[in-house]
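File shown: run_5.pdb (PDB, C-alpha atoms).
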ATOM      1  CA  ARG A   1      27.379   1.184  -3.814
ATOM      2  CA  VAL A   2      25.181  -1.048  -1.687
ATOM      3  CA  LYS A   3      26.359  -4.054   0.301
ATOM      4  CA  ARG A   4      23.956  -6.528   1.884
ATOM      5  CA  VAL A   5      24.845  -8.103   5.216
ATOM      6  CA  LYS A   6      23.302 -10.613   7.614
ATOM      7  CA  GLN A   7      19.522 -10.907   7.967
ATOM      8  CA  ASP A   8      17.456 -12.423  10.772
ATOM      9  CA  THR A   9      14.066 -14.119  10.608
ATOM     10  CA  LEU A  10      11.470 -13.159  13.197
ATOM     11  CA  THR A  11       8.686 -15.383  14.506
ATOM     12  CA  LEU A  12       5.241 -13.825  14.805
ATOM     13  CA  PRO A  13       3.204 -15.824  17.371
ATOM     14  CA  ALA A  14      -0.235 -16.588  15.941
ATOM     15  CA  GLU A  15      -1.895 -15.823  19.279
ATOM     16  CA  LEU A  16      -0.930 -12.166  18.917
ATOM     17  CA  HIS A  17      -3.426 -11.890  16.014
ATOM     18  CA  LEU A  18      -1.395  -9.147  14.354
ATOM     19  CA  GLU A  19      -2.624 -10.254  10.926
ATOM     20  CA  LEU A  20      -6.310  -9.591  10.244
ATOM     21  CA  ASP A  21      -8.192 -12.535   8.692
ATOM     22  CA  PHE A  22     -11.002 -11.228   6.462
ATOM     23  CA  GLY A  23     -12.185 -14.819   6.012
ATOM     24  CA  LYS A  24     -13.358 -14.839   9.633
ATOM     25  CA  CYS A  25     -15.037 -11.429   9.477
ATOM     26  CA  THR A  26     -18.686 -10.673   8.734
ATOM     27  CA  LEU A  27     -18.654  -7.920   6.153
ATOM     28  CA  PRO A  28     -21.531  -5.443   5.818
ATOM     29  CA  SER A  29     -23.417  -5.217   2.541
ATOM     30  CA  GLN A  30     -21.863  -3.028  -0.173
ATOM     31  CA  CYS A  31     -18.405  -3.670   1.328
ATOM     32  CA  LEU A  32     -15.419  -5.386  -0.252
ATOM     33  CA  ALA A  33     -12.266  -6.543   1.522
ATOM     34  CA  LEU A  34      -9.034  -6.836  -0.444
ATOM     35  CA  GLU A  35      -5.842  -8.746   0.317
ATOM     36  CA  VAL A  36      -2.751  -8.406  -1.871
ATOM     37  CA  LYS A  37       0.096 -10.755  -0.966
ATOM     38  CA  PHE A  38       3.528  -9.685  -2.191
ATOM     39  CA  GLU A  39       7.213 -10.547  -1.930
ATOM     40  CA  LEU A  40       9.863  -7.836  -1.755
ATOM     41  CA  LEU A  41      12.342  -7.689  -4.624
ATOM     42  CA  THR A  42      14.374  -4.836  -3.128
ATOM     43  CA  PRO A  43      14.889  -3.711   0.498
ATOM     44  CA  TRP A  44      12.077  -1.949   2.352
ATOM     45  CA  TYR A  45      12.913   0.911   4.683
ATOM     46  CA  SER A  46      10.892   3.327   6.780
ATOM     47  CA  LYS A  47      12.758   5.327   9.410
ATOM     48  CA  ASP A  48      11.867   4.610  13.012
ATOM     49  CA  ASP A  49      11.085   7.533  15.303
ATOM     50  CA  ARG A  50      13.003   6.241  18.323
ATOM     51  CA  VAL A  51      15.431   8.786  19.774
ATOM     52  CA  PHE A  52      18.137   6.315  20.843
ATOM     53  CA  HIS A  53      19.298   3.401  18.687
ATOM     54  CA  VAL A  54      22.610   1.747  17.906
ATOM     55  CA  LEU A  55      22.136   2.661  14.213
ATOM     56  CA  ASP A  56      21.443   6.077  12.740
ATOM     57  CA  ASN A  57      18.833   4.578  10.401
ATOM     58  CA  PRO A  58      16.736   1.923  12.220
ATOM     59  CA  VAL A  59      13.734   0.454  10.425
ATOM     60  CA  ARG A  60      10.301   1.243  11.857
ATOM     61  CA  LYS A  61       9.210  -1.372  14.399
ATOM     62  CA  ASP A  62       6.294  -1.901  16.742
ATOM     63  CA  ARG A  63       7.106  -0.501  20.177
ATOM     64  CA  VAL A  64       5.781  -3.565  22.036
ATOM     65  CA  PHE A  65       6.735  -6.568  19.902
ATOM     66  CA  GLY A  66       9.749  -5.174  18.042
ATOM     67  CA  VAL A  67       8.366  -6.344  14.689
ATOM     68  CA  PRO A  68       8.940  -4.208  11.554
ATOM     69  CA  PHE A  69       5.738  -2.941  10.004
ATOM     70  CA  MET A  70       4.327  -0.526   7.465
ATOM     71  CA  ALA A  71       1.694   1.675   9.062
ATOM     72  CA  ALA A  72      -1.839   2.008   7.717
ATOM     73  CA  ALA A  73      -1.312   5.766   7.308
ATOM     74  CA  SER A  74       1.760   5.100   5.136
ATOM     75  CA  TRP A  75      -0.258   2.809   2.874
ATOM     76  CA  LYS A  76      -2.956   5.446   2.525
ATOM     77  CA  GLY A  77      -0.538   8.218   1.641
ATOM     78  CA  MET A  78       1.470   6.205  -0.888
ATOM     79  CA  LEU A  79      -1.565   4.623  -2.490
ATOM     80  CA  ARG A  80      -3.268   7.996  -2.818
ATOM     81  CA  TRP A  81      -0.192   9.298  -4.635
ATOM     82  CA  ALA A  82      -0.148   6.227  -6.926
ATOM     83  CA  PHE A  83      -3.872   6.671  -7.604
ATOM     84  CA  ARG A  84      -3.244  10.259  -8.692
ATOM     85  CA  MET A  85      -0.510   9.049 -11.025
ATOM     86  CA  VAL A  86      -2.557   6.345 -12.765
ATOM     87  CA  SER A  87      -5.728   8.452 -12.950
ATOM     88  CA  GLY A  88      -4.036  11.399 -14.634
ATOM     89  CA  LEU A  89      -4.128  13.867 -11.747
ATOM     90  CA  ALA A  90      -0.329  14.022 -11.557
ATOM     91  CA  GLY A  91       2.756  12.859 -13.386
ATOM     92  CA  PRO A  92       3.594  12.703 -17.097
ATOM     93  CA  GLN A  93       0.103  11.439 -18.042
ATOM     94  CA  GLU A  94      -1.695  14.323 -16.348
ATOM     95  CA  HIS A  95      -5.078  15.135 -17.919
ATOM     96  CA  SER A  96      -5.405  18.400 -19.785
ATOM     97  CA  ASP A  97      -9.159  17.963 -20.150
ATOM     98  CA  GLU A  98     -10.908  19.642 -17.212
ATOM     99  CA  ASN A  99     -13.856  17.211 -17.201
ATOM    100  CA  GLU A 100     -11.529  14.213 -16.972
ATOM    101  CA  ARG A 101      -9.639  15.838 -14.129
ATOM    102  CA  LYS A 102     -12.860  16.540 -12.220
ATOM    103  CA  LYS A 103     -13.993  12.932 -12.688
ATOM    104  CA  ALA A 104     -10.666  11.561 -11.437
ATOM    105  CA  LEU A 105     -10.628  13.977  -8.497
ATOM    106  CA  THR A 106     -14.151  12.917  -7.519
ATOM    107  CA  MET A 107     -13.055   9.267  -7.449
ATOM    108  CA  GLU A 108      -9.998  10.169  -5.380
ATOM    109  CA  VAL A 109     -12.051  11.997  -2.754
ATOM    110  CA  HIS A 110     -14.629   9.183  -2.688
ATOM    111  CA  LEU A 111     -11.915   6.606  -1.950
ATOM    112  CA  PHE A 112      -9.434   8.520   0.203
ATOM    113  CA  GLY A 113     -11.358  11.490   1.592
ATOM    114  CA  ASN A 114     -10.445  15.154   1.341
ATOM    115  CA  GLU A 115      -6.867  16.371   1.358
ATOM    116  CA  LYS A 116      -5.238  17.221   4.678
ATOM    117  CA  GLY A 117      -5.696  20.859   5.553
ATOM    118  CA  GLU A 118      -9.221  21.237   4.175
ATOM    119  CA  THR A 119     -11.050  23.821   6.306
ATOM    120  CA  GLU A 120     -14.393  24.279   4.554
ATOM    121  CA  HIS A 121     -16.894  22.218   6.523
ATOM    122  CA  GLU A 122     -19.082  21.352   3.532
ATOM    123  CA  ARG A 123     -16.060  19.908   1.710
ATOM    124  CA  LEU A 124     -14.882  17.694   4.565
ATOM    125  CA  HIS A 125     -15.233  14.103   3.411
ATOM    126  CA  GLY A 126     -14.264  10.749   4.906
ATOM    127  CA  GLY A 127     -12.979   8.264   2.348
ATOM    128  CA  ALA A 128     -14.542   4.862   1.697
ATOM    129  CA  LEU A 129     -11.233   2.990   2.220
ATOM    130  CA  VAL A 130      -9.984   1.605   5.524
ATOM    131  CA  PHE A 131      -6.320   0.570   5.658
ATOM    132  CA  TYR A 132      -4.509  -1.909   7.901
ATOM    133  CA  PRO A 133      -0.794  -2.231   8.760
ATOM    134  CA  THR A 134       1.493  -4.756   7.097
ATOM    135  CA  TRP A 135       3.833  -6.838   9.272
ATOM    136  CA  PHE A 136       7.152  -8.289   8.127
ATOM    137  CA  ASP A 137       9.042 -11.257   9.541
ATOM    138  CA  ARG A 138      12.625 -10.408   8.575
ATOM    139  CA  ILE A 139      15.210  -7.781   9.429
ATOM    140  CA  GLY A 140      18.459  -7.232   7.539
ATOM    141  CA  PHE A 141      21.082  -4.561   6.996
ATOM    142  CA  GLU A 142      22.264  -2.557   4.012
ATOM    143  CA  VAL A 143      25.443  -0.515   3.772
ATOM    144  CA  ILE A 144      25.515   2.404   1.358
ATOM    145  CA  ASN A 145      29.066   3.644   0.761
ATOM    146  CA  PRO A 146      29.112   6.988  -1.082
ATOM    147  CA  HIS A 147      32.179   7.322  -3.316
ATOM    148  CA  SER A 148      34.265  10.431  -3.805
ATOM    149  CA  ARG A 149      34.242  11.606  -7.419
ATOM    150  CA  VAL A 150      37.832  12.718  -7.047
ATOM    151  CA  ARG A 151      39.436   9.749  -5.310
ATOM    152  CA  ARG A 152      36.802   7.215  -6.517
ATOM    153  CA  ALA A 153      36.901   5.572  -3.125
ATOM    154  CA  GLY A 154      34.414   5.159  -0.336
ATOM    155  CA  THR A 155      33.994   8.062   2.075
ATOM    156  CA  GLN A 156      31.761   7.229   5.041
ATOM    157  CA  PRO A 157      29.571   4.060   5.005
ATOM    158  CA  ILE A 158      25.918   4.621   5.921
ATOM    159  CA  TYR A 159      24.195   1.713   7.664
ATOM    160  CA  TYR A 160      20.493   0.999   7.243
ATOM    161  CA  GLU A 161      18.354  -1.521   9.091
ATOM    162  CA  VAL A 162      15.852  -2.808   6.500
ATOM    163  CA  VAL A 163      13.350  -5.513   5.660
ATOM    164  CA  PRO A 164      15.389  -7.509   3.102
ATOM    165  CA  PRO A 165      14.392  -8.814  -0.350
ATOM    166  CA  GLY A 166      12.469 -12.082  -0.162
ATOM    167  CA  ALA A 167      10.378 -10.990   2.821
ATOM    168  CA  LYS A 168       6.641 -11.408   2.328
ATOM    169  CA  GLY A 169       3.853  -9.045   3.294
ATOM    170  CA  THR A 170       0.150  -8.480   2.743
ATOM    171  CA  LEU A 171      -1.673  -5.271   1.910
ATOM    172  CA  ARG A 172      -5.144  -5.325   3.483
ATOM    173  CA  LEU A 173      -7.816  -2.730   2.902
ATOM    174  CA  LEU A 174     -11.579  -2.462   3.184
ATOM    175  CA  TYR A 175     -13.861  -0.638   0.760
ATOM    176  CA  ALA A 176     -16.732   0.426   3.016
ATOM    177  CA  PRO A 177     -18.693   3.395   1.640
ATOM    178  CA  LEU A 178     -21.551   4.842   3.642
ATOM    179  CA  PRO A 179     -25.030   4.014   2.289
ATOM    180  CA  GLY A 180     -25.711   6.219  -0.722
ATOM    181  CA  ALA A 181     -22.172   7.637  -0.725
ATOM    182  CA  SER A 182     -21.421   6.740  -4.341
ATOM    183  CA  LYS A 183     -24.589   8.477  -5.591
ATOM    184  CA  ARG A 184     -23.940  11.485  -3.387
ATOM    185  CA  ASP A 185     -20.364  11.738  -4.669
ATOM    186  CA  GLY A 186     -21.380  11.096  -8.274
ATOM    187  CA  VAL A 187     -19.035   8.122  -8.541
ATOM    188  CA  GLU A 188     -19.469   4.797 -10.297
ATOM    189  CA  PRO A 189     -17.978   2.290  -7.783
ATOM    190  CA  SER A 190     -16.741  -0.072 -10.496
ATOM    191  CA  GLU A 191     -14.672   2.684 -12.157
ATOM    192  CA  ALA A 192     -13.158   3.787  -8.845
ATOM    193  CA  ILE A 193     -12.271   0.229  -7.805
ATOM    194  CA  GLU A 194     -10.749  -0.550 -11.208
ATOM    195  CA  LYS A 195      -8.429   2.459 -10.898
ATOM    196  CA  LEU A 196      -7.651   1.504  -7.306
ATOM    197  CA  LEU A 197      -6.502  -1.981  -8.349
ATOM    198  CA  GLU A 198      -4.327  -0.465 -11.070
ATOM    199  CA  ALA A 199      -2.806   1.948  -8.548
ATOM    200  CA  ILE A 200      -2.002  -0.915  -6.145
ATOM    201  CA  GLU A 201      -0.227  -2.870  -8.876
ATOM    202  CA  GLN A 202       1.791   0.134 -10.025
ATOM    203  CA  LEU A 203       2.718   1.121  -6.474
ATOM    204  CA  LEU A 204       4.033  -2.324  -5.557
ATOM    205  CA  THR A 205       5.687  -3.354  -8.822
ATOM    206  CA  ALA A 206       6.889  -0.053 -10.323
ATOM    207  CA  TYR A 207       6.973   2.867  -7.863
ATOM    208  CA  GLY A 208       7.888   1.000  -4.678
ATOM    209  CA  ILE A 209       6.601   1.361  -1.110
ATOM    210  CA  SER A 210       9.842   2.238   0.688
ATOM    211  CA  ALA A 211      10.834   5.612   2.060
ATOM    212  CA  LYS A 212      13.852   5.395  -0.313
ATOM    213  CA  ARG A 213      11.876   4.341  -3.380
ATOM    214  CA  THR A 214      13.644   6.956  -5.509
ATOM    215  CA  VAL A 215      16.717   4.674  -5.473
ATOM    216  CA  GLY A 216      14.686   1.581  -6.288
ATOM    217  CA  TRP A 217      13.941   0.300  -2.789
ATOM    218  CA  GLY A 218      10.569  -1.175  -1.884
ATOM    219  CA  THR A 219       9.535  -2.800  -5.173
ATOM    220  CA  ALA A 220       7.753  -6.149  -4.948
ATOM    221  CA  LYS A 221       6.254  -9.017  -6.891
ATOM    222  CA  ILE A 222       2.533  -9.611  -6.360
ATOM    223  CA  LYS A 223       1.894 -13.244  -5.498
ATOM    224  CA  GLU A 224      -1.885 -13.240  -5.006
ATOM    225  CA  TRP A 225      -4.984 -11.064  -5.173
ATOM    226  CA  LYS A 226      -7.989 -11.942  -2.999
ATOM    227  CA  VAL A 227     -11.341 -10.177  -2.592
ATOM    228  CA  TYR A 228     -14.040 -10.926  -0.004
ATOM    229  CA  ARG A 229     -17.663  -9.848   0.217
ATOM    230  CA  LYS A 230     -20.665 -10.666   2.396
ATOM    231  CA  ASP A 231     -22.195 -14.138   1.869
ATOM    232  CA  GLY A 232     -19.963 -15.000  -1.070
ATOM    233  CA  GLN A 233     -16.945 -17.129  -1.850
ATOM    234  CA  PRO A 234     -13.802 -14.999  -2.138
ATOM    235  CA  ILE A 235     -12.193 -14.373  -5.516
ATOM    236  CA  GLN A 236      -8.577 -15.550  -5.554
ATOM    237  CA  LYS A 237      -6.304 -14.823  -8.525
ATOM    238  CA  THR A 238      -2.648 -14.290  -9.325
ATOM    239  CA  ASN A 239      -3.413 -11.787 -12.091
ATOM    240  CA  ARG A 240      -5.103  -8.400 -11.717
ATOM    241  CA  SER A 241      -6.948  -8.641 -15.050
ATOM    242  CA  GLU A 242      -8.493 -11.992 -14.133
ATOM    243  CA  LEU A 243      -9.467 -10.683 -10.697
ATOM    244  CA  TRP A 244     -11.127  -7.630 -12.230
ATOM    245  CA  ALA A 245     -13.106  -9.759 -14.705
ATOM    246  CA  ASP A 246     -14.695 -11.732 -11.847
ATOM    247  CA  LEU A 247     -15.059  -8.699  -9.606
ATOM    248  CA  GLN A 248     -17.037  -6.851 -12.285
ATOM    249  CA  ARG A 249     -19.686  -9.564 -12.121
ATOM    250  CA  TRP A 250     -19.933  -9.113  -8.371
ATOM    251  CA  LEU A 251     -20.387  -5.367  -8.703
ATOM    252  CA  ALA A 252     -23.003  -5.839 -11.422
ATOM    253  CA  GLU A 253     -24.992  -8.098  -9.103
ATOM    254  CA  GLU A 254     -24.815  -5.513  -6.303
ATOM    255  CA  ALA A 255     -26.074  -2.784  -8.661
ATOM    256  CA  ARG A 256     -29.216  -4.694  -9.616
ATOM    257  CA  PRO A 257     -32.393  -3.434  -7.908
TER     258      PRO A 257
END
As C-alpha cells, how would this structure be written, given the file I've shared?
Amino acid sequence: RVKRVKQDTLTLPAELHLELDFGKCTLPSQCLALEVKFELLTPWYSKDDRVFHVLDNPVRKDRVFGVPFMAAASWKGMLRWAFRMVSGLAGPQEHSDENERKKALTMEVHLFGNEKGETEHERLHGGALVFYPTWFDRIGFEVINPHSRVRRAGTQPIYYEVVPPGAKGTLRLLYAPLPGASKRDGVEPSEAIEKLLEAIEQLLTAYGISAKRTVGWGTAKIKEWKVYRKDGQPIQKTNRSELWADLQRWLAEEARP
C-alpha cells in the first residue's frame, strides 16, 4: 500500500540557465532538436548516491543546487531500451526475421552508438543522439507499507523521497549525425526518427521513466512535442502523428539534392 504525504515546490532561478533553450541556439545543418514536455501521472524516483541522508531512499538531486533531476545518461539508457522494444529487437514483438532484426539493429546503433563493452575497434560507433538532463521543481514523499500475508497488517513502512505526480518536465535531445553518417551506416534517417518518436511516446506514457517503473511509477502525459531545425520555424504539436506528418516534409526537403 502506498501513502502520499506532503510535497514542496522548488523555485529554479532563471539566471542559473539549467534549462536549455533550443530556440536561442544555432543548429548545424542536418540536425534536429526535439523537446517533449510532459506531466507526471505517477511518482518519479531515482535513487541518490549520497552516503548520508535522513531517508534511506532519497531522490537524486544536483549536488550544488539541490534540485531533483533525471540525468542525460538515464534518458539514453531507458530510451535505448524502449527503442529496442518498439523496433522488435526485444520484448513480445521481437522479430523472427533476421533481415528485419539487422535493419532495426542498424538504426539502433546509428542513433545510440554501440553497446557498452564493445572492444572491436572497427565496430566502435558514436550515436547521432545527444541527450540533456531533465529538471523537476517539486519534491514529495511516498510511504510503501508492505503487509504480512499472515497477519494482513503493515510490517515496516519504507519511505521514499520522490518527484510527485503533477510535476512537469521536458525531455530534450539533439539528432546530430556526422556528415555522411546515415549513408555509411545504411540507415534512412526518416525511418530511424519515426521509430525514435514512437519509442519516446511509449517510454513516457506506457513503460515509465522511474527506477521503480515495474510498480507503475514514472508514467506521464505528453503535453507538447516541438522540433527545431536550422533556419526554420519550429514544429509544435500536441500529437505525435501530427508532428510526424510535418516532420516528414522537413526531412524530404533535406534529402533533395
> Mind pulling up the distance from atom CA of Trp225 of chain A to atom CA of Glu242 of chain A?
Replying inline: 9.7 Å
> the PyMOL selection byres ((chain A and resi 163-166) around 10) on the file shown: which residues, as a PyMOL selection string?
Replying inline: chain A and resi 4-9+38-46+59-60+68-69+136-142+160-162+167-169+210+217-221
Where is the centre and how long are the edges: axis-aligned box on segment 201-207 of chain A, 3 Å on each side, Å to one decimal, as lines of an AutoDock Vina configuration file:
center_x = 3.4
center_y = -0.2
center_z = -7.9
size_x = 13.2
size_y = 12.2
size_z = 10.8
> Out of A:Asp48, A:Glu201, A:Asp231, A:Asp246, which residue has the shortest atom-to-atom distance to Lys24 of chain A when counting only C-alpha atoms?
Replying inline: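 Using only C-alpha atoms, the shortest distance to Lys24 of chain A belongs to A:Asp231.
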>> If we draw a sphere of 7 Å around (-16.9, 10.2, -8.3), which residues have at least one atom in it when counting all atoms listed in the file? Please report them as a list in words.
In response: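 Neighbouring residues, ordered by chain and number, come to Lys103, Thr106, Met107, His110, Ser182, Asp185, Gly186, Val187 and Glu188 of chain A.
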> A:Arg63, A:Trp244, A:Glu94, A:Asp56: which is nearest Leu196 of chain A, counting only C-alpha atoms?
Replying inline: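 The answer is A:Trp244, which sits nearest to Leu196 of chain A.
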>> Counting all atoms listed in the file, which residue out of A:Lys223, A:Lys47, A:Lys116, A:His125 sits closest to Glu35 of chain A?
In response: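 For Glu35 of chain A, the nearest of the candidates is A:Lys223.
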> atom CA of Arg172 of chain A and atom CA of Pro133 of chain A, how far apart in Å?
Replying inline: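 Spanning atom CA of Pro133 of chain A to atom CA of Arg172 of chain A is a straight-line distance of 7.5 Å.
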Neighbouring residues of Trp135 of chain A were defined as those with any atom within 10 Å, considering only C-alpha atoms; residues of the same chain fewer than 6 positions away were excluded. Please report them as a PDB file with C-alpha atoms, in the frame of the given file.
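For reference, part-v7.pdb as written:
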ATOM      1  CA  LEU A  12       5.241 -13.825  14.805  1.00  0.00           C
ATOM      2  CA  LEU A  18      -1.395  -9.147  14.354  1.00  0.00           C
ATOM      3  CA  GLU A  19      -2.624 -10.254  10.926  1.00  0.00           C
ATOM      4  CA  LYS A  61       9.210  -1.372  14.399  1.00  0.00           C
ATOM      5  CA  ASP A  62       6.294  -1.901  16.742  1.00  0.00           C
ATOM      6  CA  VAL A  67       8.366  -6.344  14.689  1.00  0.00           C
ATOM      7  CA  PRO A  68       8.940  -4.208  11.554  1.00  0.00           C
ATOM      8  CA  PHE A  69       5.738  -2.941  10.004  1.00  0.00           C
ATOM      9  CA  MET A  70       4.327  -0.526   7.465  1.00  0.00           C
ATOM     10  CA  ALA A  71       1.694   1.675   9.062  1.00  0.00           C
ATOM     11  CA  LYS A 168       6.641 -11.408   2.328  1.00  0.00           C
ATOM     12  CA  GLY A 169       3.853  -9.045   3.294  1.00  0.00           C
ATOM     13  CA  THR A 170       0.150  -8.480   2.743  1.00  0.00           C
ATOM     14  CA  LEU A 171      -1.673  -5.271   1.910  1.00  0.00           C
TER      15      LEU A 171
END
>> Using only C-alpha atoms for the distances, tell me which of A:Ala199, A:Lys212, A:Leu247, A:Cys25 is nearest to Val227 of chain A.
In response: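 With only C-alpha atoms as the atom set, the closest residue is A:Leu247.
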> Do you have the atom CA of Glu108 of chain A-atom CA of Ala90 of chain A distance handy?
Replying inline: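 Between atom CA of Glu108 of chain A and atom CA of Ala90 of chain A the gap works out to 12.1 Å.
Considering the residues A:Trp250, A:Phe83, A:Tyr159, A:Tyr132 and counting all atoms listed in the file, Leu105 of chain A has its shortest atom-to-atom contact with A:Phe83.
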> Which residue out of A:Leu89, A:Leu79, A:Ala181, A:Leu32 has the minimum interatomic distance to Gly232 of chain A when all atoms listed in the file are used?
Replying inline: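 Among the listed residues, the smallest separation from Gly232 of chain A belongs to A:Leu32.
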>> Could you tell me, as a PyMOL selection string, exactly which residues end up selected when the PyMOL selection byres ((chain A and resi 203) around 10) is applied to this structure?
In response: chain A and resi 75+78-83+85-86+197-202+204-209+218-220
>> Starting from the PyMOL selection byres ((chain A and resi 29) around 9), expand the selection into actual residues of this file and give them as a list in words.
In response: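 Listing what the PyMOL selection byres ((chain A and resi 29) around 9) selects in the shown file: Leu27, Pro28, Gln30, Cys31, Leu32, Ala176, Arg229, Lys230 and Glu254 of chain A.
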Output C-alpha atoms of each residue in that selection to a file, as a PDB file, in the coordinates of the input.
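File again_22.pdb, as written:
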ATOM      1  CA  LEU A  27     -18.654  -7.920   6.153  1.00  0.00           C
ATOM      2  CA  PRO A  28     -21.531  -5.443   5.818  1.00  0.00           C
ATOM      3  CA  GLN A  30     -21.863  -3.028  -0.173  1.00  0.00           C
ATOM      4  CA  CYS A  31     -18.405  -3.670   1.328  1.00  0.00           C
ATOM      5  CA  LEU A  32     -15.419  -5.386  -0.252  1.00  0.00           C
ATOM      6  CA  ALA A 176     -16.732   0.426   3.016  1.00  0.00           C
ATOM      7  CA  ARG A 229     -17.663  -9.848   0.217  1.00  0.00           C
ATOM      8  CA  LYS A 230     -20.665 -10.666   2.396  1.00  0.00           C
ATOM      9  CA  GLU A 254     -24.815  -5.513  -6.303  1.00  0.00           C
TER      10      GLU A 254
END
